[in-house]
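Here is the structure we will look at, set down as structure tokens.
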Amino acid sequence: MERPQWSAIHGVLDGLKRTLDDAAQTRQQVMEITGTAWSDDRLVKAVVGPRGQLIELEIDPRVYRNPNSKALSATILATVRAAVEDANQKTREIMERVLPKTDGLLGKTDFDVMLEHHDADLPQALRKKDEEGHGYVS
């Protein structure tokens with residue numbers, strides 16, 4: 001039987017205490033995050049909030065020169081997804097700063113999975129994780 005790494009466990013617990021002490025400030029920082037992205041042709045700009053909700057969408061009138069509703073729809077979706085990825089990256093950076101370092105003790109959490117996937121893909125990603133037997137922590 002392997003002996004527990006007590007110093008590592010104490011380090012995680014100390015980090016968790018600091019995280020809990022700073023939780024209100026961290027929450028505020030995360031709630032102020034926005035993600036922004038432009039389409040490749042620079043005709044569509046999307047801004048999303050911290051949960052990926054669309055809060056601003058700009059469409060350059062030049063898109064109407066070659067009307068194609070399917071292409072415009074695909075461009076908007078791709079741009080919004082890129083903005084969500086930008087917001088997720090900013091959230092990840094904050095969380096990496098404030099969450100205790102676990103040095104692999106906890107593996108990959110559902111929080112990690114959530115930040116790695118777009119909302120539309122999340123149920124499938126979490127289901128796959130459960131099917132692999134990882135439960136809440138892998």
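Quick note on naming: the chains in the structure tokens go A, B, ... in the order shown, residues restart at 1 in each chain, and ligands are numbered from 1 in order of appearance.
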
Checklist entry - If you count only C-alpha atoms, which residues fall within 8 Å of Val84 in chain A, apart from same-chain ones fewer than 2 positions away, as a PyMOL selection string? => result chain A and resi 35-36+48+52+80-82+86-88+118

Would you put the residues from that selection into a file with C-alpha atoms, as a PDB file, in the first residue's frame?
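The resulting file, result.pdb, is reproduced below:
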ATOM      1  CA  GLY A  35     -14.679  36.924 -24.944  1.00  0.00           C
ATOM      2  CA  THR A  36     -14.342  38.579 -28.340  1.00  0.00           C
ATOM      3  CA  VAL A  48     -19.872  36.818 -25.245  1.00  0.00           C
ATOM      4  CA  GLY A  52     -20.791  32.140 -23.221  1.00  0.00           C
ATOM      5  CA  VAL A  80     -19.366  32.950 -31.454  1.00  0.00           C
ATOM      6  CA  ARG A  81     -17.573  29.692 -30.695  1.00  0.00           C
ATOM      7  CA  ALA A  82     -14.225  31.473 -31.018  1.00  0.00           C
ATOM      8  CA  ASP A  86     -11.584  33.374 -25.677  1.00  0.00           C
ATOM      9  CA  ALA A  87     -13.799  33.784 -22.591  1.00  0.00           C
ATOM     10  CA  ASN A  88     -12.987  30.239 -21.454  1.00  0.00           C
ATOM     11  CA  HIS A 118     -18.447  24.434 -26.304  1.00  0.00           C
TER      12      HIS A 118
END

Checklist entry - Residues at most 12 Å from Gln29 in chain A, counting only C-alpha atoms, excluding those fewer than 3 positions away in the same chain, as a PyMOL selection string? => result chain A and resi 22-26+32-34+49-50+87+90-95+97-98

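Within range 29-91 of chain A, the backbone-based DSSP assignment of strand (DSSP E) covers Gly35, Thr36, Ala37, Trp38, Val44, Lys45, Ala46, Val47, Val48, Leu54, Ile55, Glu56, Leu57, Glu58 and Ile59 of chain A.
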
Write the residues of the selection above to a file with N, CA and C atoms, as a compact mmCIF listing (two decimals), in the first residue's frame.
# COMPACT_ATOMS: atom_id res chain seq x y z
N GLY A 35 -15.50 37.50 -23.88
CA GLY A 35 -14.68 36.92 -24.94
C GLY A 35 -15.07 37.58 -26.25
N THR A 36 -14.09 37.89 -27.08
CA THR A 36 -14.34 38.58 -28.34
C THR A 36 -13.67 37.83 -29.47
N ALA A 37 -14.34 37.77 -30.61
CA ALA A 37 -13.74 37.15 -31.79
C ALA A 37 -14.28 37.81 -33.05
N TRP A 38 -13.45 37.82 -34.07
CA TRP A 38 -13.82 38.31 -35.39
C TRP A 38 -13.79 37.13 -36.35
N VAL A 44 -17.79 39.81 -39.30
CA VAL A 44 -18.64 39.47 -38.16
C VAL A 44 -17.79 39.53 -36.89
N LYS A 45 -18.33 40.22 -35.89
CA LYS A 45 -17.68 40.30 -34.57
C LYS A 45 -18.68 39.82 -33.53
N ALA A 46 -18.22 38.95 -32.64
CA ALA A 46 -19.07 38.44 -31.56
C ALA A 46 -18.40 38.71 -30.22
N VAL A 47 -19.21 39.12 -29.26
CA VAL A 47 -18.75 39.31 -27.89
C VAL A 47 -19.68 38.48 -27.01
N VAL A 48 -19.08 37.65 -26.15
CA VAL A 48 -19.87 36.82 -25.24
C VAL A 48 -19.51 37.14 -23.80
N LEU A 54 -24.26 35.34 -25.70
CA LEU A 54 -23.98 36.37 -26.69
C LEU A 54 -24.47 37.71 -26.17
N ILE A 55 -23.56 38.69 -26.09
CA ILE A 55 -23.96 40.01 -25.59
C ILE A 55 -23.80 41.09 -26.65
N GLU A 56 -23.06 40.77 -27.71
CA GLU A 56 -22.91 41.74 -28.80
C GLU A 56 -22.61 40.99 -30.09
N LEU A 57 -23.25 41.41 -31.15
CA LEU A 57 -23.00 40.83 -32.47
C LEU A 57 -23.00 41.96 -33.48
N GLU A 58 -21.89 42.10 -34.18
CA GLU A 58 -21.78 43.11 -35.23
C GLU A 58 -21.63 42.40 -36.57
N ILE A 59 -22.45 42.83 -37.52
CA ILE A 59 -22.38 42.27 -38.87
C ILE A 59 -22.15 43.43 -39.83

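Nearest to Asp40 in chain A of all the residues A:Gln5, A:Gln89, A:Thr75, A:Asn68 is A:Thr75, based on only C-alpha atoms.
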
Checklist entry - Which distance in Å separates CA of Leu99 in chain A and CA of Ile9 in chain A, to one decimal? => result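 Here the two named atoms are 14.0 Å from each other.
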
Next on the checklist: Rounded to one decimal, what separation in Å do you get between CA of Ala78 in chain A and CA of Ser39 in chain A?
Outcome noted: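 Spanning CA of Ala78 in chain A to CA of Ser39 in chain A is a straight-line distance of 7.5 Å.
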
Checklist entry - What residues in range 75-104 of chain A get the DSSP label helix (DSSP H, G or I)? Please answer as a count of residues only. => result 24
